[in-house]
Structure formats: structure tokens, C-alpha cells
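Visitor: The structure is given below, and queries will be raised subsequently.
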Amino acid sequence: MNGEDNLYYSTRYNPKDIEDKLTSFWIERGYFFAKPNPNKKPFCIVIPPPNITGILHMGHALNNTIQDVLIRSKRMQGYESLWLPGTDHAGIATQNVVEKQLAKEGLRKEDIGREEFTKRLWDWTKKYGSTIIEQLKKLGASCDWKRLRFTMDEDYSKVVREVFVRLYNKGLIYRGRYIINWCPRCKTALSDEESIHQEIDGWLYYIRYPIIKSKEIKNLANDYIVVATTRPETMLGDTAIAVNPTDNRYKFLKNVRVILPIMERELKIIEDELVDKEFGTGVVKVTPAHDPIDFILANKHNLEFINIMNDDGTLNENAGKFKGIDRFQARKEIIEVLEKDNLVEKKEPYRISVGHCYRCNTIIEPRLSLQWFVRMKPLATPAIRVVEEGKIKFYPQRWEKVYLNWMYNIKDWCISRQIWWGHRLPVYYCKKCYQEEENSREMSKGVIVSLEEPKYCPNCGSKEIVQDSDVLDTWFSSWLWPFATFYWPNPNSDLNYFYPTSVLVTASEILFFWVARMIMAGLEFTGNIPFAKVLIHGTVRDEKGTKMSKSLGNIIDPLEIIDKFGADALRFSLMFLASTGADVYLSDEKFLVGRNFANKIWNATRFIMNKLKDNDIKIEEDKVDITDEIDLWIIDSLNRTIEDVTVSLDSYRISEATKKIYDFFWHNFCDWYIEIAKLYLSLEKLKVLIVCLINSLKLLHPFMPFITEKIYQDIKNYLTFLKEESISISLWPKKIVITGERDKFNFVDDLIGSIEEIRNIKSDLGISANEKVKIFLNAKENIRERFNYHKDWFMRLGGIREIDFVDNLEKVIISKNYFSLSIDFEQFDRVRLVKLLEKKLVNLSSLYEKVIDKLNNNEFLNNAPQEIVEREKEKERYLSFQCKRLEKIKDVFK
């Protein structure tokens with residue numbers, strides 16, 4: 001890519017001029033391509049596949065920037081780095097989108113049939129399914145795009161069928177009629193993880209069930225018992241009443257029967273320890289087809305199962321006169337009937353934790369249904385072991401406990417879905433010998449599980465075979481992602497080289513949906529872990545701490561930020577703000593961090609580029625031979641930054657790495673070294689500038705790939721030692737060998753630290769930054785000589801008009817290792833300065849006391865998120881330091 005020096009006339013970096021060109025440049029040259037290389041160590045990340053319905057949101061931007069930072073840095077460090085991309089077919093989400101399109105035509109999917117609807121789904125996928133992939137390219141994602149996978153690819157589908165058949169043959173997949181989570185909107189079963197519980201306001205209804213009188217029953221206070229329920233519409237499916245056997249209040253109910261209101265059905269009363277004596281009256285209705293606890297009770301006590309609900313949430317023929325009415329309308333009408341018959345004793349407001357569909361947010365319905373399940377406990381045992389043995393590590397480590405807690409309490413996974421988009425179950429039924437009984441929980445004859453469609457029934461020889469209409473849960477294909485993307489089970493060099501992968505970067509929301517299941521699948525089918533490390537980042541929130549969502553109208557569109565500030569500004573700002581595992585609080589203004597930093601990099605480069613062009617200098621080697629203290633200081637600072645950034649990235653402290661390079665480049669390099677170099681610019685100083693710039697660009701490249709590549713392409717015309725075509729494949733910086741005692745670096749630190757303190761003091765006292773001051777400086781004779789060597793830049797950058805060397809200082813205001821100094825305030829109105837200082841002290845002390853009160857509050861310490869508590873502790877340290885500093889300045893005026 002040719003350099004475009006004419007862009008450097010502008011003091012503002014314009015990303016729109018270069019980002020799309022550089023994306024094409026990288027992809028066309030194949031810089032992101034990876035293949036097995038025996039001479040390199042592999043580093044591999046498989047992308048968490050975004051849904052094909054997805055449009056890049058800020059969570060995607062955060063997640064994929066973290067992955068790209070890791071991949072780009074490892075690529076530069078000499079690893080064979082593969083970031084494997086792909087997309088997920090997103091069963092329910094994609095079907096919902098296409099169903100909405102049909103609705104605009106006045107059609108339902110049933111109107112056009114499964115085959116035509118599936119065709120429309122594939123047409124939609126081909127047209128829109130790659131949208132998010134193009135948006136990821138715009139973000140700068142350095143994936144090996146030639147390896148793009150899709151969870152509905154034919155090869156991938158073969159893996160899904162292979163896994164199903166293996167698990168079935170091993171007895172780990174079974175079919176049964178159980179209570180599952182049912183979404184009446186999507187008309188499909190959901191796993192427990194897909195049923196997101198939310199607290200809502202509801203009512204607890206106390207309903208009277210009349211007692212059937214008999215000779216054995218005498219002297220009852222009432223001729224009814226009171227049952228409490230939050231879902232009175234399901235009472236139409238009651239088949240018993242239950243009490244706890246230890247509840248002495250209801251001993252008299254033994255052998256008693258009651259009448260089910262409205263349905264006029266006789267119900268027996270059972271005793272069971274599962275009944276919660278503290279709920280309502282302690283007497284509960286048993287509705288086996290519509291409650292998971294009642295399902296267990298029914299099996300223990302041989303009760304009837306009566307399903308009173310259709311798949312769309314309306315009541316069916318078993319609900320009598322309420323047939324065809326929506327469940328919530330039925331609730332209202334049933335209560336009206338009961339109130340009319342004086343069978344509602346009372347109702348109370350009640351907070352209810354209710355499952356909601358993770359896709360459409362509809363309240364789920366517990367429903368008896370014949371579904372397919374995976375037995376999870378046998379798969380969970382080895383997945384627990386590898387984490388406890390440290391073979392898989394979580395970052396932050398606290399997620400390990402969350403993972404293990406879920407795994408130890410894991411339940412079987414409902415994997416069948418009643419939709420049309422997805423992997424069809426490789427299950428077939430013989431029309432002749434297959435029979436399904438309404439309440440059967442056993443596998444029938446005539447069920448065939450096969451990789452390919454069978455030509456005849458192995459039981460009776462019939463050729464009348466039909467495939468199960470259900471599809472698999474989307475996560476059933478996703479849990480195979482780390483090895484299915486490498487064409488398992490076929491032996492191949494990619495699978496052998498890149499699997500297990502190196503690290504998984506993901507959000508905490510899918511720890512159970514996906515991460516845990518991938519670990520189980522990897523161990524079960526490959527005998528190895530799918531990844532060695534799991535990096536879990538926080539949730540993106542607005543500046544008030546509310547999770548971003550379309551419905552709340554508080555989202556920030558990353559594509560708009562890219563359009564406004566550039567991809568580098570977006571990426572750098574996110575990494576700067578995203579402390580490991582902590583939530584990220586965003587507003588549009590937060591992206592100015594990255595935008596302003598890009599401009600800082602641009603302008604520093606402009607200065608250096610102009611010096612190279614103006615003097616027609618070409619530099620052939622990146623070696624520096626220096627003895628000057630300030631040159632040694634900046635190279636030492638660069639070396640420490642290289643080490644700190646590398647260590648931080650290796651330990652997945654990405655925000656920390658971002659801040660290290662930011663501090664070095666903005667402060668040490670630009671604010672100090674460049675400003676000093678402007679006074680004494682020589683060829684050696686220019687070489688030092690170039691060494692710092694090139695190494696900084698390389699450290700910055702994983703975070704800000706576009707601007708660093710643009711500058712690299714332009715400046716390498718003048719720097720013949722830059723051999724690589726692209727910074728993306730250049731070598732990661734190494735520490736530069738310099739000779740010089742630590743004393744020299746520390747002395748410059750003292751000089752710079754003094755200037756910073758002088759500036760702060762002038763600001764505290766309301767003295768203009770442009771107003772120069774006189775200082776008194778006390779130091780040994782040999783230090784005075786060294787000081788004089790730096791005197792010119794020290795005075796200019798410190799805003800100092802005169803330095804008076806003294807043997808003793810009456811009032812020391814700034815104390816350093818090599819010298820101490822004070823400021824002459826005689827030229828100012830001392831009374832005004834003291835008043836201003838005292839006012840600031842009062843304000844700071846007030847803020848300090850408020851923070852202390854908060855940190856002494858146990859309720860705050862126990863309930864606030866850890867990052868908020870740490871922020872307050874940091875605030876306490878800062879305010880304490882500032883108060884002590886101002887007290888010290890105040891002492892000078894006494």
C-alpha cells in the first residue's frame with residue numbers, strides 16, 4: 001500500500017479516508033491466513049458465532065475487540081495465530097424474522113408449508129446472513145475469513161447428526177414426557193437456561209374447595225378447605241390436593257375428598273414432604289400437567305395428568321367452557337366465576353418469579369410435553385474435573401465458582417424444538433409399528449435414530465418411514481463449535497494443530513448456555529478440553545448503570561461511533577474502559593478518549609514525518625547509541641512499557657495494557673520527550689524519536705490497527721530497516737539494550753516530577769499557567785551541575801523565570817530524591833492565595849468525609865458491586881493524598 005503523505009497536512013486524523021482501504025489491503029494480501037506450521041506455536045480463538053439475524057451492537061464490539069487484540073498481538077509475537085470466524089443459524093430468532101415478513105403478506109408459515117418456508121429461510125440467510133460479518137470487518141476484526149463457518153453448513157450438519165447418534169447409542173439421549181418450559185408465542189419448548197426468570201407483580205388467590213361430606217367427617221369448622229395459587233387458570237387441570245404430613249393443622253383431612261370448583265371433579269388429598277407449609281395456607285393444588293413439582297407428586301402418587309392448554313397459550317377442550325380463551329383472560333374469567341359462587345376467600349399482591357422466553361420475552365408456560373433430552377450428569381463429571389484440576393482457567397477467577405456450582409446441580413437438557421428452522425432431529429418413525437401413548441414416558445418400538453434416512457424399518461421391514469418434525473436446540477449445534485469448525489470427526493492437520501484452542505472470550509450471560517456445554521462436548525467427543533482459558537468480560541451499560549437495550553432506548557450504536565470517530569477510537573475507548581470482568585459504563589463522550597488519542601498519535605507522527613521530509617533523511621537501522629540522560633530516560637521508559645504491556649496481555653489484563661501504552665505515548669513521549677527534543681533536535685534525537693514511535697505503533701497496533709497501519713505504510717518509505725509489508729505481520733517490540741545507571745533515569749524522573757508539581761501548585765493557587773515563577777533549589781554541588789545541563793528545558797516547561805540555588809530551604813514545598821525546592825510567592829497576593837487554598841481544602845475534606853462514611857457502611861460494602869467498592873477506595877486514596885498535599889502548601893504561607 002503506497003504512502004499518502006499529503007494527508008499529514010491536517011492536524012486531525014480522518015479515519016474515513018483509510019479504514020475501508022486498509023481492510024481490503026489486509027484481506028487481499030492474506031495477512032490473517034493461518035495454517036499448521038511446525039516451526040511455530042499455535043494460538044487459536046474460535047469466534048463466538050453471532051446470530052445471522054444480528055446487527056453489530058456494543059456487546060459485539062467489546063467482545064470482538066478483545067479477541068482481535070489477543071490475536072493481533074500473538075500474531076506479532078510469532079505465533080501461528082488463527083481467529084476462526086462464523087455465524088449461528090439462530091433457530092427461533094431467524095424463524096421469527098421470516099414469520100414477520102410473511103405476516104406482512106397476510107400469511108402464516110402453515111399457509112405455505114414447511115418446504116416453502118424453509119426455502120424462504122435460506123433465501124433470507126443468503127441475503128442478510130453475512131451482514132454482521134461485513135460489520136465485523138469494519139471493526140477491524142483480523143479473522144481468517146476464508147475459513148468462515150455456518151452452523152447449518154452441510155459439513156457442520158453432519159457433525160451435529162453424528163453427535164446425536166453417538167449420544168443416543170450411548171444412552172445419553174432419551175425421549176420422555178416431562179414438564180418443560182413452553183413459549184406460547186414461539187410455540188416451542190425451551191431449556192431451563194432459555195427461560196429467563198424475572199420478578200413481576202401478581203396476585204396470590206385463596207380459593208375455597210368444597211369438602212365432600214361423609215359419615216366419617218364430623219364437626220368441621222368449615223365445609224371447604226382453602227387453597228392458595230398464583231395461577232388459578234391451571235386449576236381446571238387439578239387431579240389432587242396436597243398437604244405436608246408434618247402439618248398438624250390438616251391431620252383431619254386424611255381420607256377426605258374435595259370438589260374441584262367449576263369442573264365438579266372429585267379430588268383426593270395426598271400427603272407429601274415436598275409441600276411447603278409456609279406457602280399460602282399450607283394446602284396446595286396439584287396440577288401434574290402444568291407444574292414441575294406437581295409432576296413429581298403425580299408420579300409418586302399415581303395421579304392423572306390433564307393438559308388444559310394448547311400450544312398457543314389458549315385453553316383446550318379439557319378446560320370446559322373456557323376452551324379457546326387465552327390463559328390470562330381465562331384467569332380473569334375463572335376468578336369472576338369463583339367470586340360469583342363465593343369461592344374466593346381473598347387475594348393478596350404477590351411478587352412472582354416467572355420464566356420468560358429469552359427470544360420474545362413472553363411468559364413461559366410449564367407444560368407436559370413429549371420431548372428429547374440429554375442426560376447431563378455423566379457429561380458434567382469430567383467437565384467439573386478439568387476445571388478443579390486447573391486445566392481450564394477462568395478470568396476473572398470468580399467465575400470458576402459459578403461454573404462449578406451450576407455443574408454440580410446440572411439438570412437434563414431439553415434439546416427438541418417445535419420450529420422449522422434448524423437441524424432436524426435424525427430420528428425416524430415407522431408408521432406401522434410406532435405407537436405413541438398419551439402419557440407414555442418410555443421409548444416406543446419403531447423409533448429409528450440414524451445418520452441417514454433409513455430405507456426400511458429394522459423392526460418390521462416397512463418402508464413407510466417419516467422423520468421427526470422437531471429441530472434441535474440452537475445450542476446443540478453451538479456446543480460443538482470448537483471442534484466441528486475443524487471438520488471433526490475426520491482426522492486432519494488443522495484439528496490436530498489448532499485444537500484445543502487457546503482462549504475463549506465471552507460474556508457471562510452464556511456461561512451455562514454455551515461455555516459449560518462446550519467443555520462437556522469437547523471432552524466427550526475429542527477426549528480433550530476445547531480451550532485452555534475462558535476470558536469473561538462484563539456487560540455493556542449506559543452511564544447510569546442500566547443494561548443497554550433497544551426497548552429502553554439507551555443503546556449506543558457502534559456503527560454510528562465508527563462513522564463519527566473511527567473504528568480505532570471505538571476499539572481503544574472500549575479497551576481503556578473495560579477492566580477485566582467488570583461491566584463497562586458508556587456514553588458518547590467516553591469515545592472521545594480514543595478519538596483524542598488517535599489525534600495525539602497523528603500529530604506526533606506529523607512532527608517526526610515533517611522532520612524526515614524536510615531534511616530528506618532516510619534511516620537504515622533502528623539502533624540507537626546514546627549517553628544523554630533524557631534520551632536514556634525515554635528509552636528506559638519505553639522498555640518498561642514494552643514489558644508491562646506484554647505481561648498485561650499475557651495475563652488478560654487488557655485494560656491495564658491499554659492504559660500503560662496510553663500513559664507512555666501521551667505523557668512520557670509526547671508531553672515530555674518530544675517537547676524537550678524540539679529544543680535540541682539532532683540526528684540522534686530524531687533516531688530516538690523514531691525508535692519510540694515505531695515501537696509504540698507496534699504496541700498500539702492490536703488496539704488501533706488502522707491508524708498504526710496507515711502511519712507504518714507512510715513512514716517506512718523513510719525507514720529502510722522496516723522490512724515487513726504490514727505492521728500486522730511485523731515483530732512484537734523487544735526491549736532495547738541501553739547502557740546507563742538507574743541513577744540517570746531517576747534523576748530525569750525527579751526533574752519531570754518537579755515540573756508537574758509546580759504546575760499543580762500554580763493551578764491550586766489560581767496562578768496562570770503562563771505566569772512564570774521564581775524557585776529556590778537546594779542540592780549538592782554535583783547535582784547542581786547535572787541540573788544545569790537540563791536547565792533550559794526545565795525552566796521552559798516548568799514556567800520558571802529564575803532559579804536561585806541555596807544551601808538551605810526554610811520551607812520545602814517539593815522534595816525529591818536528588819534535590820528539594822520551594823516557590824517564591826512574594827510577587828503574588830499571599831492573602832488571596834491562602835483564602836483560595838483554604839476553600840479548596842474545605843471542599844476536598846467534605847468529599848473525603850462522604851467517601852469515608854460510604855466505606856464505613858457495611859450495607860454498601862456487602863451489596864455494592866466489587867468494582868464500585870474499589871472505585872470508592874481509589875477515590876478515598878486520591879482525596880487523602882490531595883488533602884495532605886494542599887496542607888503542605890498551606891504550611892509554606894505560615
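Residue numbering restarts at 1 for every chain of the C-alpha cells, chains are lettered A, B, ... in their displayed order, and ligands are numbered from 1 as they appear.
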Find the residues near Leu172 in chain A: any atom within 8 Å, counting only C-alpha atoms, skip ones fewer than 2 places away on the same chain, and give them as a list in words.

Guide: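 So, after excluding close chain neighbours, the residues are Leu167, Tyr168, Asn169, Lys170, Tyr174, Val374, Arg375 and Met376 of chain A.
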
Visitor: Write out as a list of chain:residue names each polymer residue whose atoms come within 10 Å of range 616-618 of chain A, counting only C-alpha atoms; drop sequence neighbours fewer than 5 positions from it.

Guide: A:Met609, A:Asn610, A:Lys611, A:Leu683, A:Leu686, A:Ile715, A:Lys716, A:Asn717, A:Tyr718, A:Leu719, A:Thr720, A:Phe721

Visitor: What's the separation between CA of Ser880 in chain A and CA of Ser845 in chain A, in Å to one decimal place?

Guide: 8.4 Å

Visitor: My list of candidates is A:Leu570, A:Ile642, A:Leu121, A:Leu765. Which is closest to Pro705 in chain A when distances are computed with only C-alpha atoms?

Guide: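 Checking each of A:Leu570, A:Ile642, A:Leu121, A:Leu765 against Pro705 in chain A, counting only C-alpha atoms, the winner is A:Leu570.
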
Visitor: Please extract the residues of range 256-301 of chain A with a backbone DSSP assignment of strand (DSSP E) and present them as a list in words.

Guide: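 Of range 256-301 of chain A, the ones in strand (DSSP E) are Arg257, Val258, Ile259, Leu260, Arg265, Glu266, Leu267, Lys268, Ile269, Ile270, Glu271, Val284, Lys285 and Val286 of chain A.
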
Visitor: Could you dump the residues just selected with N, CA and C atoms as a PDB file, in the first residue's frame?

Guide:
ATOM      1  N   ARG A 257     -62.136 -36.148  50.657  1.00  0.00           N
ATOM      2  CA  ARG A 257     -62.130 -35.750  49.251  1.00  0.00           C
ATOM      3  C   ARG A 257     -62.797 -34.389  49.115  1.00  0.00           C
ATOM      4  N   VAL A 258     -62.395 -33.668  48.061  1.00  0.00           N
ATOM      5  CA  VAL A 258     -62.964 -32.344  47.834  1.00  0.00           C
ATOM      6  C   VAL A 258     -63.467 -32.257  46.396  1.00  0.00           C
ATOM      7  N   ILE A 259     -64.242 -31.219  46.139  1.00  0.00           N
ATOM      8  CA  ILE A 259     -64.771 -30.975  44.799  1.00  0.00           C
ATOM      9  C   ILE A 259     -63.937 -29.869  44.142  1.00  0.00           C
ATOM     10  N   LEU A 260     -63.508 -30.110  42.926  1.00  0.00           N
ATOM     11  CA  LEU A 260     -62.805 -29.082  42.155  1.00  0.00           C
ATOM     12  C   LEU A 260     -63.845 -28.103  41.618  1.00  0.00           C
ATOM     13  N   ARG A 265     -65.108 -31.948  39.685  1.00  0.00           N
ATOM     14  CA  ARG A 265     -64.411 -33.239  39.691  1.00  0.00           C
ATOM     15  C   ARG A 265     -63.974 -33.551  41.122  1.00  0.00           C
ATOM     16  N   GLU A 266     -64.079 -34.809  41.519  1.00  0.00           N
ATOM     17  CA  GLU A 266     -63.629 -35.205  42.856  1.00  0.00           C
ATOM     18  C   GLU A 266     -62.103 -35.281  42.881  1.00  0.00           C
ATOM     19  N   LEU A 267     -61.538 -34.750  43.955  1.00  0.00           N
ATOM     20  CA  LEU A 267     -60.087 -34.787  44.125  1.00  0.00           C
ATOM     21  C   LEU A 267     -59.758 -35.432  45.460  1.00  0.00           C
ATOM     22  N   LYS A 268     -58.768 -36.318  45.455  1.00  0.00           N
ATOM     23  CA  LYS A 268     -58.302 -36.872  46.732  1.00  0.00           C
ATOM     24  C   LYS A 268     -57.243 -35.954  47.319  1.00  0.00           C
ATOM     25  N   ILE A 269     -56.992 -36.127  48.591  1.00  0.00           N
ATOM     26  CA  ILE A 269     -55.970 -35.338  49.273  1.00  0.00           C
ATOM     27  C   ILE A 269     -54.793 -36.249  49.586  1.00  0.00           C
ATOM     28  N   ILE A 270     -53.615 -35.811  49.140  1.00  0.00           N
ATOM     29  CA  ILE A 270     -52.402 -36.606  49.376  1.00  0.00           C
ATOM     30  C   ILE A 270     -51.497 -35.879  50.351  1.00  0.00           C
ATOM     31  N   GLU A 271     -50.577 -36.621  50.963  1.00  0.00           N
ATOM     32  CA  GLU A 271     -49.583 -36.048  51.870  1.00  0.00           C
ATOM     33  C   GLU A 271     -48.198 -36.246  51.277  1.00  0.00           C
ATOM     34  N   VAL A 284     -52.063 -27.079  48.975  1.00  0.00           N
ATOM     35  CA  VAL A 284     -51.769 -26.710  47.590  1.00  0.00           C
ATOM     36  C   VAL A 284     -52.533 -27.604  46.630  1.00  0.00           C
ATOM     37  N   LYS A 285     -52.833 -27.032  45.453  1.00  0.00           N
ATOM     38  CA  LYS A 285     -53.452 -27.788  44.374  1.00  0.00           C
ATOM     39  C   LYS A 285     -52.374 -28.557  43.621  1.00  0.00           C
ATOM     40  N   VAL A 286     -52.718 -29.685  43.082  1.00  0.00           N
ATOM     41  CA  VAL A 286     -51.767 -30.495  42.322  1.00  0.00           C
ATOM     42  C   VAL A 286     -52.245 -30.562  40.873  1.00  0.00           C
TER      43      VAL A 286
END

Visitor: Given the choices A:Asn222, A:Asn244, A:Ser191, A:Ser549, which gets closest to Trp372 in chain A if the distance is worked out from only C-alpha atoms?

Guide: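 For Trp372 in chain A, the nearest of the candidates is A:Ser191.
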
Visitor: Hey, can you check how far CA of Asp326 in chain A sits from CA of Cys183 in chain A?

Guide: 13.5 Å

Visitor: I want to know what sits within 6 Å of range 137-142 of chain A, based on only C-alpha atoms, with residues of the same chain fewer than 3 positions away left out; could you give that as a list of chain:residue names?

Guide: A:Phe32, A:Asp68, A:Glu134, A:Ala567

Visitor: Report as a ChimeraX atom specification all protein, DNA and RNA residues lying within 8 Å of range 418-420 of chain A, evaluated on only C-alpha atoms, omitting residues in the same chain fewer than 5 positions from it.

Guide: /A:91-92,95,114,118,186-189,469-471

Visitor: Okay, now the selection with N, CA and C atoms, as an mmCIF file, in the first residue's frame?

Guide:
data_model
loop_
_atom_site.group_PDB
_atom_site.id
_atom_site.type_symbol
_atom_site.label_atom_id
_atom_site.label_comp_id
_atom_site.auth_asym_id
_atom_site.auth_seq_id
_atom_site.Cartn_x
_atom_site.Cartn_y
_atom_site.Cartn_z
ATOM 1 N N GLY A 91 -31.983 -20.481 15.531
ATOM 2 C CA GLY A 91 -33.264 -21.057 15.158
ATOM 3 C C GLY A 91 -34.490 -20.194 15.383
ATOM 4 N N ILE A 92 -34.803 -19.911 16.645
ATOM 5 C CA ILE A 92 -36.042 -19.186 16.951
ATOM 6 C C ILE A 92 -35.972 -17.761 16.418
ATOM 7 N N GLN A 95 -36.341 -17.677 12.551
ATOM 8 C CA GLN A 95 -37.706 -18.033 12.171
ATOM 9 C C GLN A 95 -38.668 -16.885 12.475
ATOM 10 N N ARG A 114 -43.943 -26.357 5.189
ATOM 11 C CA ARG A 114 -42.581 -26.402 5.715
ATOM 12 C C ARG A 114 -41.526 -26.236 4.626
ATOM 13 N N THR A 118 -38.998 -23.142 4.631
ATOM 14 C CA THR A 118 -37.560 -23.391 4.774
ATOM 15 C C THR A 118 -36.783 -22.740 3.634
ATOM 16 N N CYS A 186 -43.565 -18.486 20.546
ATOM 17 C CA CYS A 186 -42.704 -19.201 19.591
ATOM 18 C C CYS A 186 -43.192 -20.622 19.342
ATOM 19 N N LYS A 187 -44.120 -21.082 20.200
ATOM 20 C CA LYS A 187 -44.699 -22.431 20.103
ATOM 21 C C LYS A 187 -43.626 -23.506 20.092
ATOM 22 N N THR A 188 -42.751 -23.419 21.073
ATOM 23 C CA THR A 188 -41.674 -24.413 21.170
ATOM 24 C C THR A 188 -41.257 -24.591 22.621
ATOM 25 N N ALA A 189 -40.632 -25.737 22.866
ATOM 26 C CA ALA A 189 -40.030 -25.976 24.172
ATOM 27 C C ALA A 189 -38.769 -25.143 24.306
ATOM 28 N N SER A 469 -40.525 -34.201 13.211
ATOM 29 C CA SER A 469 -40.694 -32.835 12.708
ATOM 30 C C SER A 469 -39.923 -31.803 13.519
ATOM 31 N N ASP A 470 -39.466 -32.176 14.720
ATOM 32 C CA ASP A 470 -38.753 -31.223 15.574
ATOM 33 C C ASP A 470 -37.342 -30.950 15.062
ATOM 34 N N VAL A 471 -36.823 -29.803 15.476
ATOM 35 C CA VAL A 471 -35.408 -29.489 15.222
ATOM 36 C C VAL A 471 -34.692 -29.409 16.559
#

Visitor: If you count only C-alpha atoms, which residues fall within 9 Å of range 47-58 of chain A, apart from same-chain ones fewer than 6 positions away, as JSON, numbers by chain?

Guide: {"A": [64, 67, 83, 84, 85, 86, 87, 88, 89, 90, 93, 94, 97, 125, 128, 129, 130, 131, 132, 133, 135, 136, 143, 149, 150, 151, 478, 481, 504, 505, 506, 540, 548, 555, 556, 557, 558, 559]}
